[in-house]
$ cat work06.cif   # mmCIF, C-alpha atoms
data_query
#
loop_
_atom_site.label_atom_id
_atom_site.label_comp_id
_atom_site.auth_asym_id
_atom_site.auth_seq_id
_atom_site.Cartn_x
_atom_site.Cartn_y
_atom_site.Cartn_z
CA MET A 171 -6.62 3.55 24.19
CA LYS A 172 -3.50 5.31 22.95
CA VAL A 173 -2.96 5.75 19.23
CA SER A 174 0.22 7.02 17.59
CA VAL A 175 -0.25 8.47 14.12
CA ILE A 176 3.01 8.51 12.16
CA VAL A 177 3.65 11.59 10.05
CA PHE A 178 6.03 11.44 7.07
CA PRO A 179 6.92 14.34 4.76
CA GLY A 180 4.01 14.26 2.33
CA THR A 181 1.49 12.58 4.63
CA ASN A 182 -1.82 14.43 4.32
CA CYS A 183 -4.42 12.36 6.20
CA ASP A 184 -2.74 12.66 9.60
CA ARG A 185 -5.18 15.19 11.04
CA ASP A 186 -8.29 13.40 9.73
CA THR A 187 -6.97 10.19 11.27
CA LYS A 188 -6.27 11.86 14.62
CA TRP A 189 -9.72 13.40 14.63
CA ALA A 190 -11.38 10.08 13.72
CA PHE A 191 -9.72 8.17 16.54
CA GLU A 192 -10.41 10.98 19.02
CA LYS A 193 -14.05 10.84 18.01
CA ILE A 194 -14.25 7.22 19.16
CA GLY A 195 -12.52 8.06 22.44
CA ALA A 196 -8.85 7.34 21.79
CA GLU A 197 -5.95 9.46 22.97
CA VAL A 198 -3.95 10.36 19.85
CA GLU A 199 -0.37 11.55 19.42
CA PHE A 200 1.50 12.46 16.25
CA VAL A 201 4.94 10.93 15.79
CA TRP A 202 7.29 12.56 13.27
CA HIS A 203 9.10 10.18 10.88
CA ASN A 204 12.60 10.85 12.20
CA GLU A 205 11.75 10.21 15.83
CA HIS A 206 12.74 6.97 17.53
CA ASP A 207 10.02 6.78 20.17
CA LEU A 208 6.52 5.52 19.33
CA LYS A 209 5.20 7.05 22.62
CA ASN A 210 3.96 3.76 24.03
CA PRO A 211 0.80 3.27 21.94
CA ASP A 212 -1.79 0.47 21.84
CA LEU A 213 -2.14 1.07 18.10
CA VAL A 214 0.13 2.64 15.48
CA VAL A 215 -1.58 4.15 12.43
CA LEU A 216 0.24 4.96 9.19
CA PRO A 217 -2.12 7.45 7.54
CA GLY A 218 -2.72 8.25 3.89
CA GLY A 219 -0.94 10.77 1.71
CA PHE A 220 2.08 10.88 -0.54
CA SER A 221 5.05 10.17 1.70
CA TYR A 222 8.27 11.37 0.02
CA GLY A 223 6.24 12.40 -3.03
CA ASP A 224 5.64 8.73 -3.95
CA TYR A 225 9.19 8.81 -5.41
CA LEU A 226 10.50 5.51 -6.83
CA ARG A 227 7.39 3.59 -5.71
CA SER A 228 4.63 4.56 -3.28
CA GLY A 229 5.89 3.88 0.23
CA ALA A 230 9.35 2.79 -0.90
CA ILE A 231 11.32 5.62 0.71
CA ALA A 232 9.21 5.93 3.87
CA ARG A 233 10.28 2.41 4.74
CA PHE A 234 13.75 3.79 5.60
CA SER A 235 12.52 6.45 8.04
CA PRO A 236 13.97 5.97 11.54
CA ILE A 237 10.49 5.53 13.01
CA MET A 238 9.77 2.58 10.68
CA GLN A 239 12.36 0.50 12.50
CA GLU A 240 10.38 1.14 15.69
CA VAL A 241 7.12 0.29 13.91
CA LYS A 242 8.68 -2.99 12.74
CA ASN A 243 9.86 -3.87 16.25
CA PHE A 244 6.45 -2.97 17.64
CA ALA A 245 4.67 -5.12 15.02
CA ASN A 246 7.05 -8.03 15.51
CA LYS A 247 6.27 -7.99 19.22
CA GLY A 248 2.55 -8.28 18.41
CA GLY A 249 1.64 -4.57 18.58
CA TYR A 250 -1.33 -3.47 16.46
CA VAL A 251 -0.54 -1.51 13.30
CA LEU A 252 -3.03 -0.09 10.79
CA GLY A 253 -1.96 1.29 7.41
CA ILE A 254 -4.50 3.31 5.46
CA CYS A 255 -3.92 4.01 1.74
CA ASN A 256 -0.31 5.25 1.54
CA GLY A 257 0.14 3.69 4.99
CA PHE A 258 -0.85 0.34 3.45
CA GLN A 259 1.68 0.89 0.65
CA ILE A 260 4.39 1.62 3.24
CA LEU A 261 3.56 -1.61 5.13
CA LEU A 262 3.88 -3.58 1.86
CA GLU A 263 7.22 -1.96 1.04
CA SER A 264 8.39 -2.65 4.61
CA HIS A 265 7.47 -6.34 4.20
CA LEU A 266 5.16 -6.15 7.20
CA LEU A 267 2.38 -7.23 4.82
CA PRO A 268 2.65 -9.52 1.78
CA GLY A 269 2.34 -8.32 -1.83
CA GLY A 270 2.88 -5.06 -3.69
CA MET A 271 0.99 -2.20 -5.34
CA THR A 272 0.88 -1.16 -8.97
CA ARG A 273 -0.88 1.63 -10.84
CA ASN A 274 -4.66 1.44 -11.10
CA GLU A 275 -5.64 -0.52 -14.18
CA ASN A 276 -7.31 2.52 -15.79
CA LEU A 277 -4.36 4.79 -14.81
CA HIS A 278 -6.72 7.24 -13.11
CA PHE A 279 -6.56 8.61 -9.63
CA ILE A 280 -9.87 7.30 -8.29
CA SER A 281 -11.60 9.35 -5.61
CA LYS A 282 -15.14 8.30 -4.67
CA PHE A 283 -17.19 6.30 -2.19
CA HIS A 284 -16.95 2.56 -2.85
CA HIS A 285 -18.66 -0.41 -1.25
CA LEU A 286 -16.57 -3.07 0.46
CA LYS A 287 -17.51 -6.51 1.64
CA VAL A 288 -16.19 -8.05 4.84
CA ILE A 289 -14.49 -11.33 3.91
CA ASN A 290 -13.07 -12.20 7.30
CA ASN A 291 -13.81 -10.72 10.74
CA GLU A 292 -11.71 -13.00 12.91
CA ASN A 293 -9.38 -10.15 13.75
CA LYS A 294 -9.35 -7.13 16.03
CA PHE A 295 -9.96 -4.57 13.28
CA LEU A 296 -13.21 -5.97 11.85
CA GLN A 297 -14.57 -7.77 14.90
CA ASN A 298 -17.59 -5.42 15.10
CA LEU A 299 -18.70 -6.47 11.61
CA ASN A 300 -20.01 -9.76 10.24
CA VAL A 301 -18.70 -11.69 7.27
CA GLY A 302 -20.67 -10.52 4.23
CA ASP A 303 -21.45 -7.10 5.72
CA ILE A 304 -21.18 -4.26 3.22
CA VAL A 305 -19.70 -0.89 4.17
CA ASN A 306 -19.46 2.25 2.08
CA ILE A 307 -16.11 4.04 2.44
CA PRO A 308 -14.22 6.60 0.34
CA ILE A 309 -11.28 5.48 -1.77
CA ALA A 310 -8.69 7.96 -3.08
CA HIS A 311 -5.65 6.48 -4.79
CA ALA A 312 -3.74 6.03 -8.05
CA GLU A 313 -1.83 2.94 -6.95
CA GLY A 314 -4.26 0.52 -5.35
CA ASN A 315 -3.87 -2.32 -7.82
CA TYR A 316 -2.82 -4.97 -5.31
CA LYS A 317 -0.63 -7.81 -6.60
CA VAL A 318 0.62 -10.94 -4.88
CA ASP A 319 1.85 -14.30 -6.17
CA GLU A 320 -0.67 -17.17 -6.28
CA GLU A 321 0.99 -19.27 -3.65
CA THR A 322 1.04 -16.46 -1.09
CA LEU A 323 -2.53 -15.53 -1.98
CA LYS A 324 -3.71 -19.07 -1.27
CA LYS A 325 -1.98 -19.03 2.10
CA MET A 326 -3.61 -15.67 2.85
CA TYR A 327 -7.07 -17.08 2.13
CA ASP A 328 -6.40 -20.20 4.18
CA ASN A 329 -5.27 -18.08 7.11
CA GLY A 330 -8.09 -15.51 6.89
CA GLN A 331 -5.78 -12.68 5.86
CA VAL A 332 -7.95 -11.38 3.02
CA ILE A 333 -10.34 -9.22 5.04
CA LEU A 334 -11.99 -6.75 2.63
CA LYS A 335 -12.95 -6.80 -1.06
CA TYR A 336 -14.41 -4.15 -3.34
CA CYS A 337 -18.04 -4.76 -4.28
CA ASP A 338 -21.17 -2.97 -5.47
CA LYS A 339 -24.01 -1.97 -3.17
CA ASN A 340 -25.54 -5.45 -3.45
CA GLY A 341 -22.30 -7.16 -2.53
CA ASN A 342 -21.37 -8.35 -6.01
CA GLU A 343 -17.66 -8.11 -6.74
CA SER A 344 -16.86 -4.77 -8.37
CA ASN A 345 -13.25 -3.88 -8.99
CA PRO A 346 -12.28 -0.18 -9.29
CA ASN A 347 -8.52 -0.56 -9.73
CA GLY A 348 -7.60 -4.02 -11.06
CA SER A 349 -6.57 -5.40 -7.68
CA VAL A 350 -6.17 -9.19 -7.64
CA ASP A 351 -9.51 -10.80 -6.63
CA SER A 352 -10.79 -7.24 -5.96
CA ILE A 353 -8.87 -7.18 -2.69
CA ALA A 354 -9.16 -3.90 -0.73
CA GLY A 355 -7.70 -4.88 2.63
CA ILE A 356 -5.51 -7.56 4.19
CA CYS A 357 -3.72 -8.45 7.40
CA ASN A 358 -0.53 -10.31 8.28
CA GLU A 359 -0.29 -13.91 9.43
CA ASN A 360 -0.40 -12.97 13.12
CA LYS A 361 -3.39 -10.65 12.53
CA ASN A 362 -1.88 -7.65 14.23
CA VAL A 363 -0.86 -5.66 11.12
CA PHE A 364 -3.65 -4.39 8.85
CA GLY A 365 -3.63 -2.54 5.54
CA LEU A 366 -6.43 -1.19 3.40
CA MET A 367 -6.65 1.28 0.53
CA PRO A 368 -10.06 2.80 1.48
CA HIS A 369 -10.27 5.54 4.11
CA PRO A 370 -12.46 4.64 7.12
CA GLU A 371 -11.37 7.90 8.79
CA ARG A 372 -13.27 9.78 6.06
CA ALA A 373 -16.54 8.00 6.86
CA MET A 374 -17.12 9.21 10.41
CA GLU A 375 -19.91 11.81 9.96
CA SER A 376 -23.21 11.40 8.11
CA ILE A 377 -22.94 15.03 6.96
CA LEU A 378 -19.73 14.02 5.13
CA GLY A 379 -21.37 11.10 3.35
CA GLY A 380 -21.38 8.18 5.75
CA ILE A 381 -20.47 6.73 9.12
CA ASP A 382 -19.40 3.21 8.19
CA GLY A 383 -15.82 3.98 9.19
CA ILE A 384 -16.81 4.19 12.86
CA LYS A 385 -17.67 0.51 13.35
CA MET A 386 -14.50 -0.45 11.52
CA ILE A 387 -11.95 1.49 13.54
CA GLU A 388 -13.93 0.94 16.78
CA GLY A 389 -12.73 -2.67 16.59
CA PHE A 390 -9.40 -1.44 17.93
CA MET A 391 -11.10 0.04 21.03
CA LYS A 392 -12.27 -3.34 22.37
CA MET B 277 31.50 4.56 -13.41
CA ILE B 278 27.89 4.82 -14.51
CA ILE B 279 25.74 1.77 -13.98
CA ALA B 280 22.15 1.67 -15.18
CA VAL B 281 19.51 -0.32 -13.35
CA ASN B 282 16.58 -0.99 -15.69
CA VAL B 283 13.41 -1.79 -13.77
CA HIS B 284 10.32 -3.33 -15.38
CA LEU B 285 7.09 -4.83 -14.15
CA LYS B 286 7.25 -8.63 -14.20
CA LYS B 287 5.90 -10.40 -17.24
CA GLY B 288 2.63 -11.53 -15.66
CA VAL B 289 1.91 -8.14 -14.08
CA LEU B 290 -0.34 -5.95 -16.17
CA ASP B 291 1.35 -2.70 -17.15
CA PRO B 292 -1.50 -0.19 -17.54
CA GLN B 293 0.90 2.60 -18.48
CA GLY B 294 2.39 0.50 -21.27
CA LYS B 295 -1.10 -0.33 -22.46
CA ALA B 296 -2.06 3.35 -22.62
CA VAL B 297 1.12 4.23 -24.54
CA HIS B 298 0.48 1.34 -26.92
CA HIS B 299 -3.04 2.60 -27.53
CA ALA B 300 -1.74 6.13 -28.20
CA LEU B 301 0.83 4.79 -30.68
CA GLU B 302 -1.87 2.85 -32.50
CA THR B 303 -3.94 6.03 -32.71
CA LEU B 304 -0.92 7.74 -34.32
CA GLY B 305 -0.79 5.05 -36.96
CA PHE B 306 1.90 2.75 -35.57
CA LYS B 307 0.24 -0.50 -36.56
CA ASP B 308 3.18 -2.91 -36.27
CA ILE B 309 3.80 -2.59 -32.55
CA ASN B 310 2.52 -5.65 -30.72
CA GLY B 311 2.85 -4.31 -27.20
CA VAL B 312 4.49 -1.70 -25.00
CA ARG B 313 5.93 -2.06 -21.51
CA VAL B 314 7.01 1.05 -19.64
CA GLY B 315 9.83 0.72 -17.13
CA LYS B 316 12.33 3.05 -15.58
CA GLN B 317 16.07 3.47 -15.78
CA ILE B 318 17.99 4.47 -12.69
CA LEU B 319 21.55 5.68 -13.30
CA LEU B 320 24.03 5.16 -10.48
CA ASP B 321 27.28 7.11 -10.53
CA ILE B 322 29.51 4.73 -8.60
CA ASP B 323 32.87 5.79 -7.21
CA THR B 324 35.01 2.99 -8.65
CA GLU B 325 36.56 1.90 -11.94
CA ASP B 326 36.28 -1.77 -10.97
CA LYS B 327 33.44 -3.05 -13.12
CA GLU B 328 32.75 -6.14 -11.08
CA LYS B 329 32.59 -4.16 -7.87
CA ALA B 330 30.28 -1.57 -9.43
CA VAL B 331 27.90 -4.21 -10.77
CA ALA B 332 27.80 -6.00 -7.42
CA LEU B 333 27.03 -2.75 -5.66
CA ALA B 334 24.28 -1.86 -8.16
CA LYS B 335 22.78 -5.31 -7.72
CA LYS B 336 22.69 -4.86 -3.96
CA ALA B 337 21.03 -1.45 -4.35
CA ALA B 338 18.47 -2.92 -6.74
CA ASP B 339 17.66 -5.81 -4.40
CA GLU B 340 17.33 -3.60 -1.36
CA LEU B 341 15.52 -0.60 -2.78
CA LEU B 342 15.44 0.15 -6.50
CA ALA B 343 13.18 -2.74 -7.53
CA ASN B 344 10.33 -4.37 -5.66
CA PRO B 345 10.78 -8.12 -6.24
CA VAL B 346 7.07 -8.77 -5.69
CA ILE B 347 6.12 -6.96 -8.88
CA GLU B 348 9.32 -5.94 -10.67
CA ASN B 349 12.38 -7.38 -12.41
CA TYR B 350 15.58 -5.54 -13.15
CA GLU B 351 18.64 -5.75 -15.37
CA ILE B 352 21.98 -4.12 -14.83
CA GLU B 353 23.77 -2.38 -17.66
CA VAL B 354 27.28 -0.93 -17.63
CA LYS B 355 27.24 2.43 -19.40
#

$ encode --input "work06.cif" --output "structure tokens"
Amino acid sequence: MKVSVIVFPGTNCDRDTKWAFEKIGAEVEFVWHNEHDLKNPDLVVLPGGFSYGDYLRSGAIARFSPIMQEVKNFANKGGYVLGICNGFQILLESHLLPGGMTRNENLHFISKFHHLKVINNENKFLQNLNVGDIVNIPIAHAEGNYKVDEETLKKMYDNGQVILKYCDKNGNESNPNGSVDSIAGICNENKNVFGLMPHPERAMESILGGIDGIKMIEGFMK
Amino acid sequence: MIIAVNVHLKKGVLDPQGKAVHHALETLGFKDINGVRVGKQILLDIDTEDKEKAVALAKKAADELLANPVIENYEIEVK
């Protein structure tokens, strides 16, 4: 499998993401934001970080990078796209995913492991997991307070687009950032564009705290 | 011509920053403030003296980039 990791000025999880996908056997290339060629990938990953210094709104400026037009075309043709953390914010700002992000309810930058519950697995990303499974993955963000209007949210539930929610270790809803319905991850209507605030690429080694990220991103290998 | 675009979170969207500022003001003794919302003002220096044209241009900029309609509202102000 070929993965292209997009690098914007201010991206800082690009190398972790490359390493994580190489660990599960993918061939990974970096693609700089002002390039026009995605290098023929099976999956495009927008990694975490602070693209363009989070100026205006997180992800708002990155949307206008030349490569984002290619990412849009790729997604619209059914290509798989995964946005992690700032990558998720960029996908929201690019209208490839519904909704928007606001500051965490407590205003803090939250950096810690957090449990997530699988809400829907009828998609490529989470196909290795079961509904109700709990994974433990690091989160690290100041703007993960996901907001979407009620009507869109209902459609997302009906269509299985709400895929991950924050919970405690027993699976009870536990909301670190104020996100609507404790939502941590979503996908688009066609289930080929995914976004989540937590960092599966940081949960790939037990020595670093956990390996739950492996079975998540391995979904893309099938 | 200077046009200001004032961007605020929508009414239903919780503004944690505003809440924190409100709390700080209360701590300072400002008891008669019911609530605080924090927004941002973006000043556009537009190369025209035609007010209508400048406002239309600012509106387009706000719609396309300066405000996110999912969570934010904006008003345009001629300076």

$ resolve_selection --input "work06.cif" --expression "the PyMOL selection byres ((chain A) within 8 of (chain B))" --output "list in words"
Leu226, Ala230, Glu263, Gly269, Gly270, Met271, Thr272, Arg273, Asn274, Glu275, Asn276, Leu277, Lys317, Val318 and Asp319 of chain A

$ atom_distance --input "work06.cif" --atom1 "CA of Val175 in chain A" --atom2 "CA of Ser352 in chain A"
27.6 Å

$ resolve_selection --input "work06.cif" --expression "the PyMOL selection byres ((chain A and resi 202-206) around 9)" --output "ChimeraX atom specification"
/A:175-179,200-201,207-208,232,235-240

$ resolve_selection --input "work06.cif" --expression "the PyMOL selection byres ((chain B and resi 298) around 10)" --output "ChimeraX atom specification"
/B:292-297,299-304,306-307,309-314

$ write_last_selection --input "work06.cif" --atoms "C-alpha atoms" --output "mmCIF file, in the coordinates of the input"
data_model
loop_
_atom_site.group_PDB
_atom_site.id
_atom_site.type_symbol
_atom_site.label_atom_id
_atom_site.label_comp_id
_atom_site.auth_asym_id
_atom_site.auth_seq_id
_atom_site.Cartn_x
_atom_site.Cartn_y
_atom_site.Cartn_z
ATOM 1 C CA PRO B 292 -1.500 -0.190 -17.540
ATOM 2 C CA GLN B 293 0.900 2.600 -18.480
ATOM 3 C CA GLY B 294 2.390 0.500 -21.270
ATOM 4 C CA LYS B 295 -1.100 -0.330 -22.460
ATOM 5 C CA ALA B 296 -2.060 3.350 -22.620
ATOM 6 C CA VAL B 297 1.120 4.230 -24.540
ATOM 7 C CA HIS B 299 -3.040 2.600 -27.530
ATOM 8 C CA ALA B 300 -1.740 6.130 -28.200
ATOM 9 C CA LEU B 301 0.830 4.790 -30.680
ATOM 10 C CA GLU B 302 -1.870 2.850 -32.500
ATOM 11 C CA THR B 303 -3.940 6.030 -32.710
ATOM 12 C CA LEU B 304 -0.920 7.740 -34.320
ATOM 13 C CA PHE B 306 1.900 2.750 -35.570
ATOM 14 C CA LYS B 307 0.240 -0.500 -36.560
ATOM 15 C CA ILE B 309 3.800 -2.590 -32.550
ATOM 16 C CA ASN B 310 2.520 -5.650 -30.720
ATOM 17 C CA GLY B 311 2.850 -4.310 -27.200
ATOM 18 C CA VAL B 312 4.490 -1.700 -25.000
ATOM 19 C CA ARG B 313 5.930 -2.060 -21.510
ATOM 20 C CA VAL B 314 7.010 1.050 -19.640
#

$ atom_distance --input "work06.cif" --atom1 "CA of Tyr327 in chain A" --atom2 "CA of Pro268 in chain A"
12.3 Å

$ atom_distance --input "work06.cif" --atom1 "CA of Leu378 in chain A" --atom2 "CA of Ser349 in chain A"
26.7 Å

$ residues_around --input "work06.cif" --residues "Ala338 in chain B" --least-positions-apart "4" --cutoff "12 Å" --atoms "all atoms listed in the file" --output "ChimeraX atom specification"
/A:226 /B:279-284,317-320,331-334,342-345,348-352

$ write_last_selection --input "work06.cif" --atoms "C-alpha atoms" --output "PDB file, in the coordinates of the input"
ATOM      1  CA  LEU A 226      10.500   5.510  -6.830  1.00  0.00           C
TER       2      LEU A 226
ATOM      3  CA  ILE B 279      25.740   1.770 -13.980  1.00  0.00           C
ATOM      4  CA  ALA B 280      22.150   1.670 -15.180  1.00  0.00           C
ATOM      5  CA  VAL B 281      19.510  -0.320 -13.350  1.00  0.00           C
ATOM      6  CA  ASN B 282      16.580  -0.990 -15.690  1.00  0.00           C
ATOM      7  CA  VAL B 283      13.410  -1.790 -13.770  1.00  0.00           C
ATOM      8  CA  HIS B 284      10.320  -3.330 -15.380  1.00  0.00           C
ATOM      9  CA  GLN B 317      16.070   3.470 -15.780  1.00  0.00           C
ATOM     10  CA  ILE B 318      17.990   4.470 -12.690  1.00  0.00           C
ATOM     11  CA  LEU B 319      21.550   5.680 -13.300  1.00  0.00           C
ATOM     12  CA  LEU B 320      24.030   5.160 -10.480  1.00  0.00           C
ATOM     13  CA  VAL B 331      27.900  -4.210 -10.770  1.00  0.00           C
ATOM     14  CA  ALA B 332      27.800  -6.000  -7.420  1.00  0.00           C
ATOM     15  CA  LEU B 333      27.030  -2.750  -5.660  1.00  0.00           C
ATOM     16  CA  ALA B 334      24.280  -1.860  -8.160  1.00  0.00           C
ATOM     17  CA  LEU B 342      15.440   0.150  -6.500  1.00  0.00           C
ATOM     18  CA  ALA B 343      13.180  -2.740  -7.530  1.00  0.00           C
ATOM     19  CA  ASN B 344      10.330  -4.370  -5.660  1.00  0.00           C
ATOM     20  CA  PRO B 345      10.780  -8.120  -6.240  1.00  0.00           C
ATOM     21  CA  GLU B 348       9.320  -5.940 -10.670  1.00  0.00           C
ATOM     22  CA  ASN B 349      12.380  -7.380 -12.410  1.00  0.00           C
ATOM     23  CA  TYR B 350      15.580  -5.540 -13.150  1.00  0.00           C
ATOM     24  CA  GLU B 351      18.640  -5.750 -15.370  1.00  0.00           C
ATOM     25  CA  ILE B 352      21.980  -4.120 -14.830  1.00  0.00           C
TER      26      ILE B 352
END
